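Visitor: This is the content of protein.txt (compact mmCIF, C-alpha atoms):
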# COMPACT_ATOMS: atom_id res chain seq x y z
CA MET A 1 -11.04 35.58 -48.60
CA SER A 2 -8.07 33.28 -48.29
CA HIS A 3 -5.35 34.44 -45.94
CA SER A 4 -2.66 32.20 -47.38
CA SER A 5 0.58 33.82 -48.40
CA PRO A 6 0.96 34.63 -52.11
CA LYS A 7 3.10 32.06 -53.85
CA LEU A 8 5.80 34.50 -54.90
CA GLN A 9 8.43 32.55 -56.76
CA LEU A 10 12.08 33.57 -56.64
CA PRO A 11 13.83 32.79 -59.92
CA PRO A 12 17.45 31.63 -59.77
CA ILE A 13 20.03 34.41 -59.93
CA THR A 14 22.29 33.90 -62.92
CA PRO A 15 25.69 35.58 -63.16
CA LYS A 16 24.31 37.84 -65.87
CA LYS A 17 21.44 38.97 -63.68
CA LEU A 18 23.84 39.74 -60.86
CA LEU A 19 25.45 42.37 -63.08
CA TYR A 20 22.34 44.53 -62.81
CA LEU A 21 22.91 47.14 -60.13
CA LEU A 22 20.11 48.71 -58.14
CA LEU A 23 19.38 52.28 -59.23
CA ALA A 24 17.99 53.29 -55.83
CA LEU A 25 15.84 51.72 -53.19
CA SER A 26 12.96 54.21 -53.34
CA GLY A 27 9.60 53.84 -51.64
CA LEU A 28 10.57 51.65 -48.70
CA LEU A 29 13.65 53.60 -47.59
CA ILE A 30 12.16 56.98 -48.46
CA ALA A 31 9.13 56.21 -46.34
CA ALA A 32 11.37 55.25 -43.46
CA GLY A 33 12.64 58.86 -43.03
CA LEU A 34 9.53 60.93 -43.32
CA PHE A 35 8.01 61.80 -39.96
CA THR A 36 11.18 63.58 -38.92
CA LEU A 37 13.06 66.51 -37.50
CA THR A 38 15.08 68.71 -39.83
CA HIS A 39 18.75 67.76 -39.73
CA ARG A 40 20.71 69.82 -37.24
CA SER A 41 24.13 71.32 -37.96
CA THR A 42 24.82 73.20 -34.76
CA SER A 43 28.43 72.49 -33.93
CA GLY A 44 31.56 73.81 -35.54
CA ASP A 45 32.93 70.29 -35.72
CA ARG A 46 29.97 69.13 -37.78
CA GLN A 47 30.08 72.16 -40.03
CA ASN A 48 33.78 71.54 -40.70
CA GLN A 49 33.29 67.92 -41.64
CA PRO A 50 34.20 67.06 -45.23
CA LEU A 51 31.39 66.98 -47.75
CA SER A 52 29.50 63.71 -48.07
CA SER A 53 29.45 61.85 -51.35
CA THR A 54 25.84 62.98 -51.82
CA ASP A 55 26.78 66.63 -51.28
CA LYS A 56 29.58 66.29 -53.81
CA ALA A 57 27.17 64.72 -56.29
CA ILE A 58 24.72 67.60 -55.79
CA ILE A 59 27.44 70.18 -56.43
CA THR A 60 28.58 68.35 -59.56
CA VAL A 61 25.08 68.06 -61.01
CA LYS A 62 24.28 71.68 -60.16
CA ASN A 63 27.37 72.83 -62.03
CA ARG A 64 26.45 70.74 -65.03
CA LEU A 65 22.90 72.05 -64.90
CA SER A 66 24.16 75.64 -64.79
CA ALA A 67 26.07 74.97 -67.97
CA ASN A 68 23.11 73.21 -69.55
CA PRO A 69 19.90 74.68 -68.05
CA GLY A 70 16.70 72.86 -68.83
CA ASN A 71 18.40 69.51 -69.31
CA THR A 72 15.75 67.03 -68.21
CA ALA A 73 18.12 64.22 -67.35
CA LEU A 74 20.17 66.50 -65.11
CA GLN A 75 17.05 67.85 -63.43
CA VAL A 76 15.94 64.32 -62.60
CA SER A 77 19.44 63.39 -61.42
CA LEU A 78 19.57 66.39 -59.08
CA CYS A 79 16.15 65.56 -57.65
CA GLN A 80 17.24 61.99 -57.00
CA ASP A 81 20.26 63.33 -55.13
CA TYR A 82 17.90 65.50 -53.10
CA LEU A 83 15.82 62.44 -52.24
CA GLN A 84 18.99 60.77 -51.03
CA LYS A 85 19.57 63.80 -48.79
CA VAL A 86 16.12 63.27 -47.29
CA ARG A 87 17.13 59.74 -46.42
CA GLU A 88 20.43 60.90 -44.97
CA THR A 89 19.30 64.00 -43.07
CA ALA A 90 15.50 63.81 -42.64
CA ASP A 91 15.30 67.31 -44.12
CA THR A 92 12.00 67.32 -45.99
CA SER A 93 12.62 70.78 -47.45
CA TYR A 94 14.36 68.97 -50.29
CA PHE A 95 10.95 67.87 -51.57
CA ALA A 96 10.15 71.49 -52.56
CA LYS A 97 13.46 71.68 -54.44
CA CYS A 98 12.45 68.54 -56.31
CA ASP A 99 9.08 70.06 -57.16
CA LYS A 100 10.72 73.01 -58.88
CA LEU A 101 13.03 70.82 -60.91
CA LEU A 102 10.42 68.24 -61.91
CA ASN A 103 7.75 70.80 -62.78
CA GLN A 104 10.19 72.33 -65.24
CA ALA A 105 11.08 68.92 -66.62
CA ILE A 106 7.51 67.72 -67.02
CA ALA A 107 6.49 70.94 -68.77
CA LYS A 108 9.15 70.24 -71.36
CA GLU A 109 8.70 66.46 -71.58
CA PRO A 110 5.23 65.50 -70.29
CA ASP A 111 5.65 61.83 -71.23
CA ASN A 112 9.11 61.26 -69.82
CA ALA A 113 8.71 58.14 -67.70
CA ASN A 114 11.84 58.86 -65.66
CA VAL A 115 10.53 62.28 -64.67
CA ILE A 116 7.13 60.84 -63.80
CA SER A 117 8.57 58.01 -61.70
CA THR A 118 10.74 60.50 -59.81
CA GLN A 119 7.67 62.61 -59.17
CA ALA A 120 6.05 59.46 -57.78
CA SER A 121 8.94 59.06 -55.35
CA VAL A 122 8.45 62.62 -54.13
CA PHE A 123 4.74 62.02 -53.57
CA TYR A 124 5.55 58.81 -51.70
CA GLY A 125 8.01 60.77 -49.60
CA ARG A 126 5.19 63.08 -48.60
CA HIS A 127 2.95 60.07 -47.91
CA ASN A 128 0.58 60.93 -50.74
CA PHE A 129 0.34 57.31 -51.80
CA SER A 130 -2.68 57.65 -54.08
CA LYS A 131 -0.94 60.22 -56.28
CA GLY A 132 2.34 58.34 -56.07
CA LEU A 133 0.66 55.15 -57.25
CA GLU A 134 -1.09 56.96 -60.08
CA LEU A 135 2.22 58.37 -61.33
CA SER A 136 4.03 55.05 -60.88
CA GLN A 137 1.45 53.25 -62.96
CA LYS A 138 1.74 55.94 -65.63
CA ALA A 139 5.51 55.45 -65.69
CA VAL A 140 5.04 51.70 -66.19
CA SER A 141 2.60 52.29 -69.02
CA LEU A 142 5.14 54.56 -70.73
CA ASN A 143 8.09 52.21 -70.20
CA PRO A 144 7.07 48.68 -69.14
CA ASN A 145 10.66 47.48 -69.46
CA GLN A 146 11.97 49.61 -66.57
CA VAL A 147 11.89 47.21 -63.64
CA ALA A 148 12.29 49.87 -60.93
CA TYR A 149 8.89 51.33 -61.81
CA TYR A 150 7.16 48.11 -60.78
CA GLY A 151 8.68 48.46 -57.34
CA LEU A 152 7.15 51.92 -57.03
CA VAL A 153 3.76 50.61 -58.12
CA GLY A 154 3.88 47.81 -55.57
CA ASP A 155 4.96 50.17 -52.80
CA GLY A 156 1.89 52.30 -53.38
CA GLN A 157 -0.39 49.29 -53.55
CA ILE A 158 0.96 48.07 -50.20
CA GLU A 159 0.33 51.41 -48.50
CA LEU A 160 -3.19 51.56 -49.93
CA GLY A 161 -4.02 48.06 -48.74
CA GLN A 162 -4.09 46.54 -52.24
CA TYR A 163 -2.18 43.47 -51.13
CA GLU A 164 -3.10 40.96 -53.81
CA GLN A 165 -2.28 43.51 -56.52
CA ALA A 166 1.03 44.27 -54.81
CA ALA A 167 1.94 40.59 -54.70
CA ALA A 168 1.32 40.32 -58.43
CA THR A 169 3.34 43.47 -59.11
CA PHE A 170 6.31 42.25 -57.08
CA GLN A 171 6.15 38.87 -58.82
CA THR A 172 6.41 40.68 -62.16
CA MET A 173 9.32 42.70 -60.81
CA VAL A 174 11.30 39.72 -59.54
CA ASN A 175 10.59 37.79 -62.75
CA LYS A 176 11.96 40.64 -64.84
CA ARG A 177 15.07 41.18 -62.75
CA PRO A 178 15.93 39.43 -59.50
CA SER A 179 17.78 42.05 -57.45
CA LEU A 180 18.14 43.41 -53.94
CA SER A 181 15.25 45.78 -54.58
CA SER A 182 12.82 43.14 -55.84
CA PHE A 183 13.79 40.60 -53.18
CA ASN A 184 13.22 43.17 -50.42
CA ARG A 185 9.72 43.73 -51.64
CA VAL A 186 8.97 40.04 -51.96
CA ALA A 187 10.14 39.66 -48.36
CA TYR A 188 7.78 42.34 -47.12
CA ILE A 189 4.67 40.95 -48.79
CA ARG A 190 5.52 37.50 -47.47
CA GLU A 191 5.90 38.88 -43.97
CA LEU A 192 2.53 40.62 -44.21
CA TYR A 193 0.93 37.26 -44.97
CA GLY A 194 2.75 35.61 -42.08
CA ASP A 195 5.34 33.72 -44.10
CA VAL A 196 8.29 34.71 -41.92
CA LYS A 197 10.60 31.94 -43.15
CA GLY A 198 9.83 32.89 -46.73
CA ALA A 199 10.56 36.51 -45.90
CA GLU A 200 13.90 35.53 -44.37
CA ALA A 201 14.81 33.59 -47.51
CA ALA A 202 13.98 36.56 -49.74
CA LEU A 203 16.03 38.93 -47.59
CA LYS A 204 19.00 36.56 -47.69
CA SER A 205 18.67 36.61 -51.48
CA ALA A 206 18.59 40.41 -51.35
CA VAL A 207 21.82 40.57 -49.35
CA SER A 208 23.47 38.03 -51.66
CA SER A 209 22.43 40.05 -54.71
CA GLY A 210 24.46 43.01 -53.48
CA SER A 211 24.29 46.63 -54.54
CA SER A 212 26.62 49.47 -55.40
CA PHE A 213 25.01 51.34 -52.48
CA THR A 214 26.05 50.05 -49.05
CA GLU A 215 22.95 51.72 -47.56
CA ASN A 216 20.76 49.32 -49.50
CA ILE A 217 22.63 46.24 -48.35
CA ALA A 218 22.54 47.48 -44.76
CA TYR A 219 18.81 48.06 -45.10
CA SER A 220 18.27 44.43 -46.14
CA GLN A 221 20.43 43.21 -43.26
CA VAL A 222 18.44 45.28 -40.77
CA GLU A 223 15.15 43.94 -42.11
CA LEU A 224 16.52 40.41 -41.72
CA GLY A 225 17.64 41.31 -38.21
CA LYS A 226 14.12 42.44 -37.36
CA LEU A 227 12.77 39.03 -38.32
CA TYR A 228 15.42 37.31 -36.23
CA ALA A 229 14.64 39.61 -33.30
CA ARG A 230 11.22 38.07 -32.96
CA ASN A 231 12.73 35.02 -31.24
CA ASP A 232 16.53 35.15 -31.39
CA LEU A 233 18.18 38.27 -29.99
CA THR A 234 21.71 37.00 -30.62
CA ALA A 235 21.07 36.39 -34.32
CA ALA A 236 19.41 39.80 -34.60
CA GLU A 237 22.34 41.49 -32.88
CA GLN A 238 24.80 39.85 -35.24
CA MET A 239 22.84 40.99 -38.28
CA TYR A 240 22.57 44.58 -37.02
CA ASN A 241 26.32 44.62 -36.42
CA GLN A 242 26.91 43.36 -39.95
CA ALA A 243 24.87 46.29 -41.23
CA LEU A 244 26.97 48.71 -39.15
CA TYR A 245 30.16 47.12 -40.44
CA ILE A 246 29.36 48.21 -43.98
CA ASN A 247 27.52 51.43 -43.06
CA LYS A 248 28.95 52.69 -39.77
CA GLN A 249 26.27 55.28 -38.90
CA PHE A 250 23.23 53.42 -40.21
CA SER A 251 20.52 54.56 -37.81
CA PRO A 252 18.09 51.64 -38.36
CA ALA A 253 20.87 49.23 -37.30
CA LEU A 254 21.65 51.35 -34.23
CA GLU A 255 17.97 51.35 -33.34
CA GLY A 256 17.85 47.59 -33.77
CA LEU A 257 20.77 47.16 -31.37
CA GLY A 258 19.02 49.50 -28.96
CA LYS A 259 15.90 47.36 -29.04
CA VAL A 260 17.93 44.21 -28.44
CA ALA A 261 19.60 45.87 -25.45
CA PHE A 262 16.21 46.99 -24.14
CA ALA A 263 14.79 43.47 -24.44
CA ARG A 264 17.76 42.19 -22.40
CA GLY A 265 17.18 44.82 -19.73
CA ASN A 266 20.38 46.72 -20.60
CA TYR A 267 18.68 50.11 -20.49
CA ASN A 268 21.79 52.30 -20.40
CA GLN A 269 23.15 50.48 -23.43
CA ALA A 270 19.80 50.93 -25.16
CA ILE A 271 19.90 54.66 -24.43
CA ASN A 272 23.39 54.86 -25.93
CA TYR A 273 22.29 53.17 -29.16
CA PHE A 274 19.12 55.23 -29.49
CA ASN A 275 21.08 58.44 -28.87
CA ARG A 276 23.54 57.47 -31.58
CA ALA A 277 20.68 56.69 -33.96
CA PHE A 278 19.09 60.07 -33.27
CA GLU A 279 22.40 61.89 -33.60
CA ALA A 280 22.98 60.30 -37.00
CA LEU A 281 19.42 60.87 -38.18
CA PRO A 282 16.94 62.82 -36.02
CA LEU A 283 13.81 60.75 -36.57
CA ALA A 284 10.78 60.95 -34.33
CA GLN A 285 10.88 57.21 -33.78
CA TYR A 286 14.34 57.36 -32.15
CA ALA A 287 13.25 60.13 -29.77
CA THR A 288 10.21 58.00 -28.93
CA ASP A 289 12.43 54.98 -28.28
CA LEU A 290 14.49 57.06 -25.86
CA GLY A 291 11.38 58.32 -24.13
CA ASP A 292 10.12 54.77 -23.68
CA VAL A 293 13.39 53.65 -22.10
CA TYR A 294 13.36 56.57 -19.67
CA SER A 295 9.73 55.83 -18.88
CA THR A 296 10.63 52.21 -18.15
CA GLN A 297 13.40 53.45 -15.84
CA GLY A 298 10.89 55.57 -13.93
CA ASN A 299 12.25 58.89 -15.17
CA PRO A 300 9.18 60.77 -16.48
CA THR A 301 11.03 64.08 -16.81
CA LYS A 302 13.58 62.72 -19.29
CA ALA A 303 10.87 60.69 -21.01
CA ASP A 304 8.75 63.80 -21.57
CA GLN A 305 11.75 65.65 -22.96
CA GLN A 306 12.16 62.97 -25.61
CA TYR A 307 8.44 62.84 -26.36
CA PHE A 308 8.55 66.61 -26.84
CA LEU A 309 11.29 66.14 -29.43
CA ALA A 310 9.20 63.49 -31.16
CA ASP A 311 6.21 65.83 -31.27
CA LEU A 312 8.42 68.58 -32.66
CA ALA A 313 9.57 66.16 -35.33
CA PHE A 314 6.00 65.60 -36.47
CA GLN A 315 5.47 69.35 -36.68
CA LYS A 316 8.63 69.76 -38.74
CA SER A 317 7.70 67.03 -41.18
CA SER A 318 4.18 68.40 -41.56
CA SER A 319 5.61 71.80 -42.39
CA GLY A 320 7.61 70.05 -45.10
CA GLY A 321 4.40 68.79 -46.67
CA VAL A 322 4.48 65.26 -45.25
CA ASN A 323 1.17 63.65 -44.26
CA ASN A 324 2.09 61.97 -41.00
CA ASP A 325 -1.45 61.35 -39.72
CA PHE A 326 -0.75 57.65 -39.26
CA GLU A 327 2.61 58.02 -37.54
CA LYS A 328 1.43 60.75 -35.20
CA SER A 329 -1.75 58.88 -34.30
CA VAL A 330 0.41 55.87 -33.35
CA PHE A 331 2.63 58.03 -31.16
CA LEU A 332 -0.24 59.81 -29.42
CA THR A 333 -2.32 56.68 -28.89
CA ASP A 334 0.56 54.54 -27.62
CA HIS A 335 1.47 57.20 -25.09
CA ASN A 336 -2.06 58.26 -24.09
CA LYS A 337 -1.54 61.81 -25.30
CA ASP A 338 -4.38 63.89 -26.77
CA LEU A 339 -6.47 60.85 -27.68
CA SER A 340 -9.16 62.95 -29.34
CA THR A 341 -6.63 64.35 -31.83
CA ALA A 342 -5.23 60.86 -32.27
CA ASN A 343 -8.73 59.58 -33.06
CA ARG A 344 -9.20 62.22 -35.75
CA LEU A 345 -5.80 61.49 -37.27
CA SER A 346 -6.32 57.73 -37.25
CA ARG A 347 -9.70 58.08 -38.93
CA GLU A 348 -8.16 60.27 -41.61
CA ALA A 349 -5.33 57.76 -42.05
CA VAL A 350 -7.82 54.94 -42.66
CA ILE A 351 -9.34 56.99 -45.49
CA VAL A 352 -6.16 58.06 -47.29
CA ARG A 353 -4.00 55.06 -46.38
CA PRO A 354 -6.44 52.13 -46.03
CA ASN A 355 -4.08 49.34 -45.01
CA ILE A 356 -4.18 46.93 -42.08
CA PHE A 357 -1.95 49.06 -39.87
CA SER A 358 -4.14 52.15 -40.29
CA ALA A 359 -7.14 50.07 -39.26
CA ASP A 360 -5.14 48.69 -36.36
CA ILE A 361 -4.20 52.06 -34.88
CA LEU A 362 -7.81 53.24 -35.16
CA ALA A 363 -8.92 50.11 -33.29
CA TRP A 364 -6.24 50.74 -30.63
CA ASN A 365 -7.33 54.35 -30.24
CA LEU A 366 -10.96 53.27 -29.83
CA TYR A 367 -9.78 50.83 -27.16
CA LYS A 368 -7.93 53.60 -25.34
CA THR A 369 -11.08 55.77 -25.39
CA GLY A 370 -13.36 53.02 -24.11
CA LYS A 371 -15.24 52.31 -27.36
CA TYR A 372 -14.64 48.58 -27.21
CA LYS A 373 -17.37 47.31 -29.54
CA GLU A 374 -16.40 49.71 -32.31
CA ALA A 375 -12.77 48.82 -31.66
CA GLU A 376 -13.59 45.13 -32.15
CA THR A 377 -15.23 45.81 -35.53
CA VAL A 378 -12.25 47.82 -36.77
CA ALA A 379 -9.78 45.26 -35.40
CA GLN A 380 -11.34 42.62 -37.63
CA GLN A 381 -10.51 44.82 -40.62
CA ALA A 382 -6.92 44.94 -39.43
CA LEU A 383 -6.89 41.11 -39.28
CA ARG A 384 -8.08 40.66 -42.84
CA LEU A 385 -4.78 39.11 -43.99
CA GLY A 386 -4.95 36.59 -41.17
CA GLU A 387 -3.75 36.30 -37.59
CA ASN A 388 -0.08 36.86 -38.28
CA GLN A 389 0.86 40.45 -37.36
CA PRO A 390 2.01 40.50 -33.73
CA VAL A 391 1.02 44.09 -32.96
CA ILE A 392 -2.45 43.61 -34.44
CA LEU A 393 -2.91 40.40 -32.43
CA PHE A 394 -1.84 42.22 -29.27
CA HIS A 395 -4.36 44.99 -29.79
CA ALA A 396 -7.11 42.54 -30.72
CA GLY A 397 -6.40 40.57 -27.55
CA MET A 398 -6.59 43.65 -25.34
CA ILE A 399 -9.90 44.62 -26.96
CA ALA A 400 -11.36 41.13 -26.55
CA ASN A 401 -10.35 41.16 -22.88
CA LYS A 402 -12.28 44.37 -22.26
CA LEU A 403 -15.33 42.80 -23.90
CA GLY A 404 -15.16 39.83 -21.55
CA GLN A 405 -14.05 37.47 -24.32
CA HIS A 406 -11.29 36.03 -22.18
CA ASP A 407 -10.60 32.83 -24.13
CA ARG A 408 -10.36 34.80 -27.33
CA ALA A 409 -8.16 37.41 -25.67
CA LYS A 410 -5.83 34.71 -24.36
CA ALA A 411 -5.58 33.10 -27.79
CA TYR A 412 -4.75 36.43 -29.49
CA LEU A 413 -2.13 37.38 -26.91
CA GLN A 414 -0.49 33.97 -26.93
CA LYS A 415 -0.32 34.11 -30.72
CA ALA A 416 1.21 37.58 -30.53
CA PHE A 417 3.95 36.27 -28.25
CA SER A 418 4.53 33.22 -30.44
CA GLU A 419 4.95 35.46 -33.48
CA ASP A 420 7.19 37.99 -31.72
CA HIS A 421 8.33 36.88 -28.27
CA TYR A 422 10.09 40.16 -27.45
CA PHE A 423 7.56 42.55 -29.02
CA LEU A 424 10.28 44.29 -31.04
CA GLU A 425 8.44 44.47 -34.37
CA SER A 426 8.61 48.01 -35.74
CA HIS A 427 4.96 48.86 -35.02
CA PHE A 428 5.29 48.04 -31.33
CA SER A 429 5.98 50.58 -28.63
CA LEU A 430 8.75 49.46 -26.30
CA LEU A 431 6.15 49.73 -23.53
CA ASP A 432 3.74 47.20 -25.05
CA LYS A 433 5.36 43.96 -23.89
CA LYS A 434 4.94 44.74 -20.19
CA LEU A 435 1.24 45.49 -20.69
CA ALA A 436 0.75 42.30 -22.69
CA ASP A 437 2.61 40.25 -20.04
CA VAL A 438 0.46 41.59 -17.22
CA THR A 439 -2.77 41.07 -19.15
CA LEU A 440 -1.95 37.53 -20.27
CA LYS A 441 -0.99 36.50 -16.74
CA GLY A 442 -4.38 37.69 -15.55
CA LEU A 443 -6.32 35.54 -18.02
As structure tokens, please, write out the structure in this file.

Guide:
Amino acid sequence: MSHSSPKLQLPPITPKKLLYLLLALSGLLIAAGLFTLTHRSTSGDRQNQPLSSTDKAIITVKNRLSANPGNTALQVSLCQDYLQKVRETADTSYFAKCDKLLNQAIAKEPDNANVISTQASVFYGRHNFSKGLELSQKAVSLNPNQVAYYGLVGDGQIELGQYEQAAATFQTMVNKRPSLSSFNRVAYIRELYGDVKGAEAALKSAVSSGSSFTENIAYSQVELGKLYARNDLTAAEQMYNQALYINKQFSPALEGLGKVAFARGNYNQAINYFNRAFEALPLAQYATDLGDVYSTQGNPTKADQQYFLADLAFQKSSSGGVNNDFEKSVFLTDHNKDLSTANRLSREAVIVRPNIFSADILAWNLYKTGKYKEAETVAQQALRLGENQPVILFHAGMIANKLGQHDRAKAYLQKAFSEDHYFLESHFSLLDKKLADVTLKGL
């Protein structure tokens, strides 16, 4: 199979096309807030804060729905507001509220594409990508002119490892309507195939396209910052700050600044940024970041406190119906915690979410448990798009080293560093770079 990047073409953006506003960036942003801790509201100050725009929208739609019960459009609108609350608060209990609304709507209008696509978003939120893809494809078949549905289809194809199909879907999407949403997705598929410059260009187009939702613009800026962070911390820092300028409590931007500070050795500054990210949105990944910084500082007590919070976050999200097998297996394997459970979870993830990163974490778990030959076989599955994902190259290099394939190990590790000098890509643990440094110096 060829590993070359799909030739996704970006049509010129005409003034007319710029008038199209993004409905909502589903899929990618929803997935970002799923393995999480329920939002806390413990202080009087927080309780007395004015209602957010999303809370006001929920109240408005609820009032309208009370006056017009059974209105399908209002039921969908309220569910979409609930999905926004998941993104804002990490409270996955809103998925159950969506279920109730959408089950009523679908019983009344079984072929309503808007209802079906919203159901797909809920399934994606729970990491049931097979069902989400099935519903997304049904929505497209019912209304092939609704561009947003193609984004949902492609999101599911990505998570299920159907990369060539996803590239074709995103090409259709961007052809139909160049927008922030379609450009973001083009950027991601390009990055997966190792076309980092092409991904940067698509993200710049996404930012230029604009959106009525500042969250979406900030998301694109953070993704661009992540690409810059591979080799240029200053450029990454500037992009993260731009995201914060338009969305002052945007946790992904705060995390990005924390990672930049960590890479520079400014650990106290990194802790401050990660704490702010967690305070704004209590995600497991931010607690893990904090734990890794404390571990680097030689403070195992504080590190374990943060890792406990991360573990609690996984429990909370699971109780909300989210399948976090992949995310939890990454956390456990990276931190050498309960590797047998991590092995089971990673094997299950490969079955239900058969993409290159699921294969990669299974290979890494097998490495951690001393099953190096099996790890090598699985690592090759993770490399099926080519040698372009830094974290996969790092793991493959460590596995090759254990098998005595020192030249191969050196090549993999050097390529990992060339792709991401600071090891700040989202799938890396903050602890990985030190291990890679030590190993490469010994080869």

Visitor: Between A:Asn401, A:Thr341, A:Ser346, A:Leu312, which residue has the minimum interatomic distance to Phe326 of chain A, considering only C-alpha atoms?

Guide: A:Ser346

Visitor: One decimal, Å: what's the distance from atom CA of Ala90 of chain A over to atom CA of Ser426 of chain A, could you say?

Guide: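 That distance, rounded to one decimal, is 18.6 Å.
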
Visitor: What is the distance, in Å and to one decimal place, between atom CA of Glu191 of chain A and atom CA of Gln119 of chain A?

Guide: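 Atom-to-atom, atom CA of Glu191 of chain A and atom CA of Gln119 of chain A are spaced 28.2 Å apart.
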
Visitor: Could you state the separation of atom CA of Arg347 of chain A and atom CA of Lys131 of chain A in Å, given to one decimal place?

Guide: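 Spanning atom CA of Arg347 of chain A to atom CA of Lys131 of chain A is a straight-line distance of 19.6 Å.
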
Visitor: Point out the residue among A:Val378, A:Asn299, A:Leu362, A:Ala229 with the least atom-to-atom distance to Lys328 of chain A, counting only C-alpha atoms.

Guide: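 The answer is A:Leu362, which sits nearest to Lys328 of chain A.
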
Visitor: Quick one: residues within 12 Å of segment 407-414 of chain A, only C-alpha atoms, excluding same-chain residues fewer than 6 positions away - as a PyMOL selection string?

Guide: chain A and resi 376+379+383+386-401+420-421+423+432-433+435-443

Visitor: Neighbouring residues of Gln171 of chain A were defined as those with any atom within 6 Å, considering only C-alpha atoms; residues of the same chain fewer than 3 positions away were excluded. Please report them as a ChimeraX atom specification.

Guide: /A:8,168,174

Visitor: Around the point (14.9, 37.1, -48.4) in the file's coordinates, collect all residues with an atom within 8 Å, using only C-alpha atoms, and return them as a PyMOL selection string.

Guide: chain A and resi 183-184+186-187+198-207+224

Visitor: Quick one: everything within 7 Å of segment 137-153 of chain A, counting only C-alpha atoms, minus sequence neighbours fewer than 3 positions away in the same chain. Send it as a PyMOL selection string.

Guide: chain A and resi 27+113+116-117+133-134+156-157+169-170+173+176-177+182

Visitor: Pick out the closest residue to Ser130 of chain A from this set: A:Leu65, A:Leu403, A:Ile158, A:Ala57. Count all atoms listed in the file.

Guide: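 Counting all atoms listed in the file, the residue closest to Ser130 of chain A is A:Ile158.
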
Visitor: When you look at Ala287 of chain A with a cut-off of 8 Å (counting all atoms listed in the file), what residues show up, excluding the ones that are within fewer than 2 positions of it in the same chain? I need them as a list in words.

Guide: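 That gives Phe274, Phe278, Pro282, Leu283, Ala284, Gln285, Asp289, Leu290, Gly291, Gln306, Tyr307, Leu309 and Ala310 of chain A.
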
Visitor: Save the residues we just selected, C-alpha atoms, as a PDB file, in the frame of the given file?

Guide:
ATOM      1  CA  PHE A 274      19.120  55.230 -29.490  1.00  0.00           C
ATOM      2  CA  PHE A 278      19.090  60.070 -33.270  1.00  0.00           C
ATOM      3  CA  PRO A 282      16.940  62.820 -36.020  1.00  0.00           C
ATOM      4  CA  LEU A 283      13.810  60.750 -36.570  1.00  0.00           C
ATOM      5  CA  ALA A 284      10.780  60.950 -34.330  1.00  0.00           C
ATOM      6  CA  GLN A 285      10.880  57.210 -33.780  1.00  0.00           C
ATOM      7  CA  ASP A 289      12.430  54.980 -28.280  1.00  0.00           C
ATOM      8  CA  LEU A 290      14.490  57.060 -25.860  1.00  0.00           C
ATOM      9  CA  GLY A 291      11.380  58.320 -24.130  1.00  0.00           C
ATOM     10  CA  GLN A 306      12.160  62.970 -25.610  1.00  0.00           C
ATOM     11  CA  TYR A 307       8.440  62.840 -26.360  1.00  0.00           C
ATOM     12  CA  LEU A 309      11.290  66.140 -29.430  1.00  0.00           C
ATOM     13  CA  ALA A 310       9.200  63.490 -31.160  1.00  0.00           C
TER      14      ALA A 310
END

Visitor: Which residue out of A:Tyr422, A:Phe213, A:Tyr245, A:Phe314 has the minimum interatomic distance to Ala263 of chain A when only C-alpha atoms are used?

Guide: A:Tyr422

Visitor: Compare A:Lys62, A:Lys226, A:Arg344, A:Arg87 by their minimum atom-to-atom distance to Asn365 of chain A, counting only C-alpha atoms, and give me the closest one.

Guide: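 Residue with the minimum atom-to-atom distance to Asn365 of chain A: A:Arg344.
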
Visitor: I need the residue nearest Ala313 of chain A from this list: A:Asp195, A:Glu348, A:Asp81, A:Asp91. Use only C-alpha atoms for the distance.

Guide: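 When distances to Ala313 of chain A are compared using only C-alpha atoms, the smallest one comes from A:Asp91.
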
Visitor: If we count only C-alpha atoms and set the cut-off at 9 Å, which residues sit around Ile217 of chain A, ignoring sequence neighbours fewer than 4 positions away in its own chain? Please answer as a list in words.

Guide: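 That gives Leu180, Ala206, Val207, Ser208, Ser209, Gly210, Ser211, Ser212, Phe213, Gln221, Val222, Ala243, Ile246 and Asn247 of chain A.
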
Visitor: Using all atoms listed in the file, can you list as a PyMOL selection string the residues within 9 Å of (-2.8, 59.2, -50.5)?

Guide: chain A and resi 123-124+127-133+156+159-160+323+349+351-353
